[in-house]
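Pasting target-v5.txt here (compact mmCIF, C-alpha atoms and all ligand atoms):
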```txt
# COMPACT_ATOMS: atom_id res chain seq x y z
CA MET A 505 6.18 -2.67 23.32
CA ALA A 506 4.37 -5.87 24.29
CA PHE A 507 0.88 -4.41 24.78
CA ARG A 508 -0.96 -3.06 21.76
CA ILE A 509 -2.65 -0.54 24.06
CA SER A 510 -0.46 0.68 26.93
CA PRO A 511 -1.78 -0.23 30.46
CA VAL A 512 -1.99 3.54 31.07
CA TRP A 513 -5.15 3.52 28.92
CA TRP A 514 -6.80 0.51 30.57
CA PRO A 515 -8.70 2.43 33.29
CA VAL A 516 -10.01 4.80 30.60
CA LEU A 517 -11.12 1.84 28.48
CA ALA A 518 -12.80 0.22 31.51
CA VAL A 519 -14.75 3.40 32.30
CA ALA A 520 -15.69 3.90 28.64
CA SER A 521 -16.59 0.24 28.05
CA PRO A 522 -20.41 0.79 28.26
CA VAL A 523 -19.98 2.99 25.16
CA ILE A 524 -17.09 1.14 23.48
CA VAL A 525 -18.54 -2.37 23.63
CA PRO A 526 -21.87 -1.60 21.87
CA TRP A 527 -19.96 0.50 19.32
CA LEU A 528 -17.61 -2.44 18.61
CA LEU A 529 -20.61 -4.76 18.16
CA VAL A 530 -22.24 -2.44 15.61
CA ARG A 531 -18.92 -1.91 13.84
CA ASN A 532 -18.37 -5.67 13.73
CA HIS A 533 -21.73 -6.12 12.04
CA HIS A 534 -20.78 -3.66 9.26
CA PHE A 535 -17.31 -5.19 9.04
CA GLN A 536 -18.73 -8.68 8.43
CA GLU A 537 -21.21 -7.37 5.83
CA ASP A 538 -18.43 -5.49 4.03
CA ARG A 539 -16.28 -8.61 4.08
CA ALA A 540 -18.85 -10.51 2.07
CA ARG A 541 -19.34 -7.52 -0.27
CA ALA A 542 -15.57 -7.15 -0.86
CA ALA A 543 -15.12 -10.87 -1.62
CA GLU A 544 -18.03 -10.82 -4.06
CA LEU A 545 -16.83 -7.65 -5.77
CA ASN A 546 -13.26 -8.96 -6.14
CA GLN A 547 -14.53 -12.22 -7.64
CA LYS A 548 -16.68 -10.30 -10.10
CA ARG A 549 -13.73 -8.11 -11.09
CA MET A 550 -11.50 -11.16 -11.59
CA SER A 551 -14.07 -12.86 -13.78
CA GLN A 552 -14.49 -9.72 -15.91
CA ALA A 553 -10.74 -9.02 -16.26
CA ASP A 554 -9.30 -9.50 -19.75
CA PRO A 555 -5.59 -9.82 -20.53
CA LEU A 556 -3.97 -6.37 -20.76
CA GLU A 557 -1.87 -5.19 -23.69
CA MET A 558 1.25 -3.99 -21.93
CA PRO A 559 4.38 -2.68 -23.65
CA GLU A 560 7.60 -4.56 -23.01
CA LEU A 561 9.81 -2.09 -21.14
CA ASP A 562 13.58 -1.94 -21.60
CA PHE A 563 13.93 -0.63 -18.10
CA LEU A 564 11.94 0.29 -15.05
CA GLU A 565 13.47 2.28 -12.25
CA LEU A 566 12.01 2.85 -8.80
CA THR A 567 13.31 5.64 -6.57
CA VAL A 568 11.90 5.57 -3.06
CA LEU A 569 10.97 9.01 -1.72
CA VAL A 570 9.25 7.96 1.52
CA GLU A 571 9.68 4.74 3.49
CA TRP A 572 10.27 3.56 7.06
CA LYS A 573 13.79 2.32 6.28
CA THR A 574 16.16 4.80 4.65
CA GLU A 575 19.58 5.30 3.19
CA GLU A 576 21.81 7.43 5.38
CA GLY A 577 20.81 11.09 5.48
CA PHE A 578 17.17 10.56 4.42
CA MET A 579 14.14 11.12 6.65
CA SER A 580 11.92 8.24 7.68
CA ASP A 581 8.21 7.94 8.40
CA ALA A 582 5.45 5.35 8.17
CA GLY A 583 4.22 6.63 4.79
CA VAL A 584 4.94 5.62 1.22
CA SER A 585 5.93 7.52 -1.92
CA TYR A 586 7.58 5.84 -4.92
CA LEU A 587 8.81 7.43 -8.16
CA PHE A 588 8.82 5.28 -11.31
CA LYS A 589 10.75 5.95 -14.51
CA THR A 590 10.66 3.93 -17.70
CA GLU A 591 11.72 4.74 -21.26
CA LEU A 592 8.06 5.69 -21.87
CA GLY A 593 7.71 8.23 -19.08
CA SER A 594 7.40 8.56 -15.33
CA MET A 595 4.87 8.65 -12.54
CA LEU A 596 4.64 9.17 -8.79
CA TYR A 597 2.86 6.47 -6.75
CA ASP A 598 1.53 7.86 -3.45
CA VAL A 599 2.55 10.95 -1.50
CA GLY A 600 3.09 9.66 2.05
CA PHE A 601 1.72 11.98 4.75
CA GLY A 602 2.00 14.88 2.26
CA PRO A 603 2.28 18.36 3.79
CA THR A 604 1.62 17.09 7.35
CA CYS A 605 5.13 15.58 7.66
CA PRO A 606 8.39 17.09 6.37
CA THR A 607 9.62 13.70 5.04
CA LEU A 608 8.36 13.86 1.45
CA THR A 609 9.47 17.47 0.90
CA ARG A 610 12.92 16.97 2.43
CA ASN A 611 13.68 13.66 0.71
CA ALA A 612 12.37 15.01 -2.62
CA ALA A 613 14.62 18.10 -2.26
CA LYS A 614 17.62 15.86 -1.52
CA LEU A 615 16.88 13.86 -4.66
CA GLY A 616 16.09 16.96 -6.73
CA PHE A 617 12.54 15.79 -7.40
CA ASN A 618 9.33 17.70 -8.04
CA LEU A 619 6.17 16.91 -9.98
CA ASP A 620 7.41 18.72 -13.11
CA GLN A 621 9.36 15.54 -13.76
CA VAL A 622 6.36 13.17 -14.01
CA GLU A 623 3.28 12.82 -16.21
CA ALA A 624 0.90 11.54 -13.56
CA LEU A 625 0.24 10.89 -9.90
CA VAL A 626 -1.26 7.53 -8.87
CA ILE A 627 -2.73 6.91 -5.43
CA SER A 628 -2.80 3.31 -4.23
CA HIS A 629 -5.62 3.86 -1.71
CA LEU A 630 -7.26 6.57 0.34
CA HIS A 631 -5.36 6.22 3.63
CA CYS A 632 -3.45 9.03 5.31
CA ASP A 633 0.00 7.42 4.88
CA HIS A 634 -0.48 7.33 1.07
CA MET A 635 -2.75 10.27 0.13
CA GLY A 636 -1.20 13.14 2.06
CA GLY A 637 -2.03 12.99 5.79
CA ILE A 638 -4.96 12.77 8.16
CA PRO A 639 -6.74 15.96 6.94
CA ALA A 640 -6.48 14.59 3.37
CA GLN A 641 -8.03 11.27 4.44
CA ARG A 642 -10.82 13.01 6.41
CA SER A 643 -11.73 15.27 3.51
CA ARG A 644 -11.10 12.57 0.86
CA GLN A 645 -8.80 14.96 -0.96
CA VAL A 646 -5.31 13.94 -2.09
CA THR A 647 -2.94 16.67 -0.86
CA VAL A 648 0.62 17.23 -2.06
CA PRO A 649 3.06 19.72 -0.46
CA ASP A 650 3.01 23.06 -2.38
CA GLU A 651 6.79 22.92 -2.91
CA LEU A 652 6.42 19.84 -5.11
CA MET A 653 3.49 20.98 -7.24
CA SER A 654 3.83 21.47 -10.98
CA PRO A 655 2.05 24.24 -12.93
CA GLU A 656 0.92 21.49 -15.37
CA LEU A 657 -2.51 20.04 -14.58
CA MET A 658 -1.72 16.33 -14.58
CA PRO A 659 -3.99 13.36 -13.91
CA CYS A 660 -4.27 11.80 -10.48
CA PHE A 661 -5.41 8.19 -10.90
CA LEU A 662 -7.56 7.13 -7.96
CA PRO A 663 -8.89 3.72 -6.85
CA ASP A 664 -12.07 5.21 -5.36
CA ARG A 665 -14.05 8.45 -5.48
CA ALA A 666 -12.03 11.36 -4.10
CA LYS A 667 -10.76 14.81 -4.98
CA ALA A 668 -7.15 15.71 -5.70
CA LYS A 669 -6.12 19.31 -5.02
CA GLY A 670 -4.39 20.79 -8.09
CA PHE A 671 -4.82 17.60 -10.20
CA LYS A 672 -7.29 16.23 -12.70
CA ALA A 673 -8.85 13.46 -10.57
CA GLU A 674 -9.53 10.31 -12.59
CA LEU A 675 -11.20 7.22 -11.16
CA VAL A 676 -9.63 3.93 -12.30
CA GLU A 677 -12.59 1.60 -12.50
CA LYS A 678 -10.93 -1.52 -13.87
CA PRO A 679 -7.51 -2.84 -14.93
CA ARG A 680 -5.90 -0.55 -17.51
CA LEU A 681 -2.65 1.01 -18.65
CA LEU A 682 -2.02 4.30 -16.86
CA THR A 683 1.12 6.00 -18.08
CA ALA A 684 4.85 5.26 -18.68
CA GLY A 685 3.88 1.72 -19.76
CA ILE A 686 2.74 0.92 -16.21
CA ALA A 687 -0.72 -0.56 -15.61
CA SER A 688 -3.13 -0.66 -12.68
CA THR A 689 -4.83 -3.83 -11.42
CA GLY A 690 -7.90 -1.62 -10.98
CA PRO A 691 -9.40 -1.34 -7.52
CA LEU A 692 -9.45 -4.44 -5.31
CA ALA A 693 -11.51 -4.28 -2.14
CA ARG A 694 -10.98 -5.25 1.49
CA SER A 695 -13.16 -4.75 4.51
CA LEU A 696 -11.16 -3.18 7.34
CA PHE A 697 -12.67 -3.06 10.82
CA MET A 698 -11.82 0.54 11.73
CA LEU A 699 -11.15 2.08 8.32
CA GLY A 700 -14.14 0.53 6.58
CA PHE A 701 -14.50 -0.63 3.00
CA THR A 702 -11.16 0.07 1.30
CA GLU A 703 -10.33 0.01 -2.40
CA GLU A 704 -6.65 -0.31 -3.37
CA GLN A 705 -4.95 -0.46 -6.75
CA ALA A 706 -1.61 -2.18 -7.29
CA LEU A 707 0.64 -1.45 -10.27
CA LEU A 708 2.19 -3.87 -12.75
CA ALA A 709 4.69 -3.56 -15.56
CA ARG A 710 6.31 -5.95 -18.01
CA VAL A 711 10.09 -5.73 -18.21
CA LYS A 712 12.04 -7.21 -21.11
CA ASP A 713 13.85 -10.50 -20.41
CA LYS A 714 12.55 -10.46 -16.83
CA GLY A 715 8.78 -10.54 -16.62
CA LEU A 716 6.17 -8.85 -14.48
CA VAL A 717 6.94 -6.46 -11.67
CA VAL A 718 4.12 -5.76 -9.20
CA PHE A 719 3.95 -2.82 -6.75
CA THR A 720 1.55 -2.55 -3.83
CA GLY A 721 0.67 0.33 -1.47
CA CYS A 722 -0.36 -1.18 1.89
CA GLY A 723 -1.33 -4.49 0.31
CA HIS A 724 -4.75 -4.42 2.04
CA PRO A 725 -6.56 -6.60 -0.55
CA THR A 726 -3.88 -9.22 0.36
CA ILE A 727 -1.03 -10.14 -1.94
CA GLU A 728 -2.82 -13.40 -2.72
CA ILE A 729 -5.78 -11.51 -4.27
CA ILE A 730 -3.47 -8.99 -6.00
CA LEU A 731 -1.41 -11.77 -7.61
CA GLU A 732 -4.55 -13.63 -8.63
CA MET A 733 -5.69 -10.50 -10.49
CA VAL A 734 -2.22 -10.03 -12.02
CA GLY A 735 -2.43 -13.63 -13.29
CA ARG A 736 -5.69 -12.74 -15.08
CA LEU A 737 -4.07 -9.72 -16.72
CA SER A 738 -0.91 -11.34 -18.06
CA ASN A 739 0.63 -14.75 -18.71
CA GLU A 740 4.17 -13.40 -18.34
CA PRO A 741 6.21 -14.92 -15.50
CA LEU A 742 6.28 -12.98 -12.24
CA TYR A 743 9.69 -11.38 -11.74
CA ALA A 744 9.30 -9.17 -8.67
CA VAL A 745 6.86 -8.21 -5.93
CA CYS A 746 7.48 -4.85 -4.23
CA GLY A 747 5.75 -2.77 -1.58
CA GLY A 748 3.59 -3.08 1.52
CA LEU A 749 2.06 -6.38 2.62
CA HIS A 750 0.75 -5.19 6.01
CA PHE A 751 2.26 -7.61 8.52
CA PRO A 752 2.68 -5.76 11.85
CA VAL A 753 2.88 -9.09 13.74
CA THR A 754 4.99 -8.06 16.76
CA GLY A 755 4.31 -4.31 16.64
CA GLY A 756 3.27 -1.39 14.46
CA ARG A 757 5.20 1.53 12.99
CA GLY A 758 4.50 5.11 13.98
CA ASN A 759 2.93 4.20 17.35
CA ARG A 760 1.29 7.13 19.15
CA ALA A 761 0.54 7.69 22.85
CA GLY A 762 1.30 4.05 23.72
CA ILE A 763 -1.12 2.67 21.12
CA GLN A 764 0.02 0.44 18.25
CA PHE A 765 -2.53 1.63 15.71
CA GLN A 766 -1.20 -0.43 12.80
CA THR A 767 -1.76 -3.71 14.64
CA MET A 768 -5.44 -2.87 15.10
CA ILE A 769 -6.49 -0.82 12.11
CA GLY A 770 -6.02 -1.79 8.52
CA THR A 771 -5.59 -5.48 9.31
CA GLY A 772 -8.81 -7.02 7.99
CA LYS A 773 -9.52 -8.47 11.46
CA PRO A 774 -11.45 -7.16 14.46
CA PRO A 775 -9.16 -5.21 16.84
CA TRP A 776 -9.32 -7.97 19.46
CA GLN A 777 -7.60 -10.39 17.04
CA ARG A 778 -3.96 -10.02 16.08
CA ILE A 779 -2.23 -10.67 12.79
CA THR A 780 -0.32 -13.86 13.61
CA ASP A 781 2.74 -15.77 12.49
CA GLU A 782 0.36 -18.35 11.02
CA ASP A 783 -1.16 -15.64 8.78
CA LEU A 784 2.33 -14.70 7.68
CA SER A 785 3.22 -18.36 7.02
CA ARG A 786 0.23 -18.68 4.68
CA THR A 787 1.28 -15.58 2.77
CA ILE A 788 4.90 -16.77 2.52
CA THR A 789 3.64 -20.04 1.04
CA ALA A 790 1.44 -18.14 -1.44
CA ILE A 791 4.31 -15.89 -2.56
CA ASN A 792 6.63 -18.89 -2.92
CA SER A 793 4.11 -20.68 -5.06
CA ALA A 794 3.73 -17.55 -7.27
CA GLY A 795 7.51 -17.81 -7.64
CA PRO A 796 8.90 -14.25 -8.01
CA LYS A 797 12.69 -14.02 -8.29
CA ARG A 798 12.86 -10.88 -6.20
CA VAL A 799 10.84 -9.38 -3.36
CA TYR A 800 11.31 -5.80 -2.13
CA LEU A 801 9.37 -5.27 1.08
CA SER A 802 8.01 -2.06 2.51
CA ALA A 803 8.77 -1.70 6.21
CA HIS A 804 6.15 1.05 6.59
CA ASP A 805 3.42 -1.45 7.54
CA THR A 806 5.45 -4.56 8.38
CA CYS A 807 7.51 -5.15 11.55
CA ASP A 808 11.16 -6.27 11.63
CA HIS A 809 10.15 -9.74 12.84
CA SER A 810 7.98 -10.26 9.74
CA LEU A 811 10.66 -8.77 7.47
CA ASP A 812 13.26 -11.16 8.92
CA ARG A 813 10.96 -14.17 8.50
CA MET A 814 10.27 -13.25 4.87
CA LYS A 815 13.97 -12.73 4.15
CA LYS A 816 14.66 -16.23 5.50
CA GLU A 817 11.62 -18.11 4.22
CA LEU A 818 10.89 -16.61 0.82
CA ASN A 819 12.61 -18.41 -2.04
CA ALA A 820 13.06 -15.05 -3.81
CA GLU A 821 15.98 -12.75 -3.11
CA THR A 822 14.38 -10.48 -0.53
CA GLU A 823 15.25 -7.08 0.89
CA ALA A 824 13.53 -4.05 2.44
CA LEU A 825 13.01 -0.88 0.39
CA LYS A 826 14.88 2.21 1.58
CA ALA A 827 14.06 5.89 1.06
CA GLY A 828 16.76 7.51 -1.03
CA ALA A 829 17.61 4.28 -2.88
CA THR A 830 16.99 3.51 -6.57
CA TYR A 831 16.11 0.00 -7.76
CA ARG A 832 16.42 -1.04 -11.39
CA PHE A 833 14.34 -3.79 -12.95
ZN ZN B 901 0.25 2.13 4.19
ZN ZN B 902 -3.65 1.57 4.15
```
Before anything else, please render the file you have as structure tokens.
Ligand SMILES: [Zn+2]
Ligand SMILES: [Zn+2]
Amino acid sequence: MAFRISPVWWPVLAVASPVIVPWLLVRNHHFQEDRARAAELNQKRMSQADPLEMPELDFLELTVLVEWKTEEGFMSDAGVSYLFKTELGSMLYDVGFGPTCPTLTRNAAKLGFNLDQVEALVISHLHCDHMGGIPAQRSRQVTVPDELMSPELMPCFLPDRAKAKGFKAELVEKPRLLTAGIASTGPLARSLFMLGFTEEQALLARVKDKGLVVFTGCGHPTIEIILEMVGRLSNEPLYAVCGGLHFPVTGGRGNRAGIQFQTMIGTGKPPWQRITDEDLSRTITAINSAGPKRVYLSAHDTCDHSLDRMKKELNAETEALKAGATYRF
């Protein structure tokens, strides 16, 4: 689809423009203010970050429950849910669209997974594709399908204030170890035009004989900022970068009613500007200079064009994550 908004909508937009244009101007004002606030906050967090004591893990295993790309027989959607296991325990990172899509429940059933098997839930950020669907985002309440719930009251580590139905909600205010030997970068901020001020936490772990492995949700704070924070938290070499980097350059995933929402919301730019190949080139250069050996990309917020460019241009061995697959570090 070449147009980000189908021509079918253009007459509606033209008629509504006396309302839309002033709204966009006001929104842009807040967006610019939040941009300055996010940059300042991230700098402050970096300057206050001390090196983290992280255990050296013998193994770290990631099983993908929800992703855009899948192994044969697994359901796909534009959400994210990753299960981590180490010799010290296990945790679930994000719950996709939760009970509003059948993907998480069906893929979890196929893999024989439920929350009895983990010690904690971690939410990367408070967007519908990570915290359990649009009603969950609207009510700021992480929501997990009933079928997966455990009778144990386990912590849900959050990057910003929110509730978590059936969990002990715990705000992660700064970098710290969470559980299973896996740490959080603490919240990192980004101003998003439509979605507002967004806090996101990435995960990091230290694997024996390899180095640091970093996992992102949507990657809204930008991978550059995330890796800068990781560098403050550990001197270990970077082994792998995994997860969403948000590069819908030629199109978004999960388009609805002829509108490519991902190319306009969640990008850190006003909706009249696109994410470009030049933006992607800068990020490729930044990842190459950070020098990971492996990169595992999430296709839930990145188009095939961007995935192909990264596979060709990144120095690391690069592939896309697939639901149903297990990756060992
Ligand atoms: Zn996402
Ligand atoms: Zn997001």
Spatial neighbours of segment 699-703 of chain A, 8 Å, all atoms listed in the file, chain gap at least 5 places, as a list of chain:residue names: A:Phe535, A:Asp538, A:Ala542, A:His629, A:Leu630, A:Pro663, A:Asp664, A:Pro691, A:Leu692, A:Ala693, A:Arg694, A:His724, A:Pro725, A:Ile769, A:Gly770
Spatial neighbours of Leu742 of chain A, max dist 7 Å, all atoms listed in the file, sep filter under 6 positions, as a PyMOL selection string: chain A and resi 715-717+795-796
Distance query segment 745-758 of chain A at most 7 Å, all atoms listed in the file, self and fewer than 4 positions along chain excluded, as a VMD selection string: chain A and resid 582 717 to 724 726 to 727 764 to 767 779 to 781 796 798 to 802 804 to 807 809 to 810
Distance query Glu575 of chain A at most 7 Å, all atoms listed in the file, self and fewer than 6 positions along chain excluded, as JSON, numbers by chain: {"A": [826, 827, 828, 829]}
Nearest to ligand ZN 902 (chain B) by atom-to-atom distance, counting all atoms listed in the file, from A:Met768, A:Leu564, A:Cys605, A:Val516: A:Met768
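Among A:Leu681, A:Val584, A:Ala794, A:Val622, the residue with the shortest atom-to-atom distance to ligand ZN 902 (chain B), counting only C-alpha atoms and all ligand atoms, is A:Val584.
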Among listed residues A:Asp598, A:Glu782, A:Asp812, A:Glu651, nearest ligand ZN 902 (chain B) (using all atoms listed in the file):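 Checking each of A:Asp598, A:Glu782, A:Asp812, A:Glu651 against ligand ZN 902 (chain B), counting all atoms listed in the file, the winner is A:Asp598.
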Residue nearest ligand ZN 902 (chain B) - candidates A:Gln547, A:Gln777, A:Thr683, A:Ser628, atoms counted: all atoms listed in the file: A:Ser628
Within 12 Å of Gly735 of chain A using all atoms listed in the file, minus same-chain residues under 2 positions, as a list in words: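 Here the answer would be Met550, Ser551, Ala553, Asp554, Pro555, Leu556, Thr689, Leu708, Leu716, Val717, Val718, Ile727, Glu728, Ile729, Ile730, Leu731, Glu732, Met733, Leu737, Ser738, Asn739, Glu740, Pro741, Leu742 and Ala794 of chain A.
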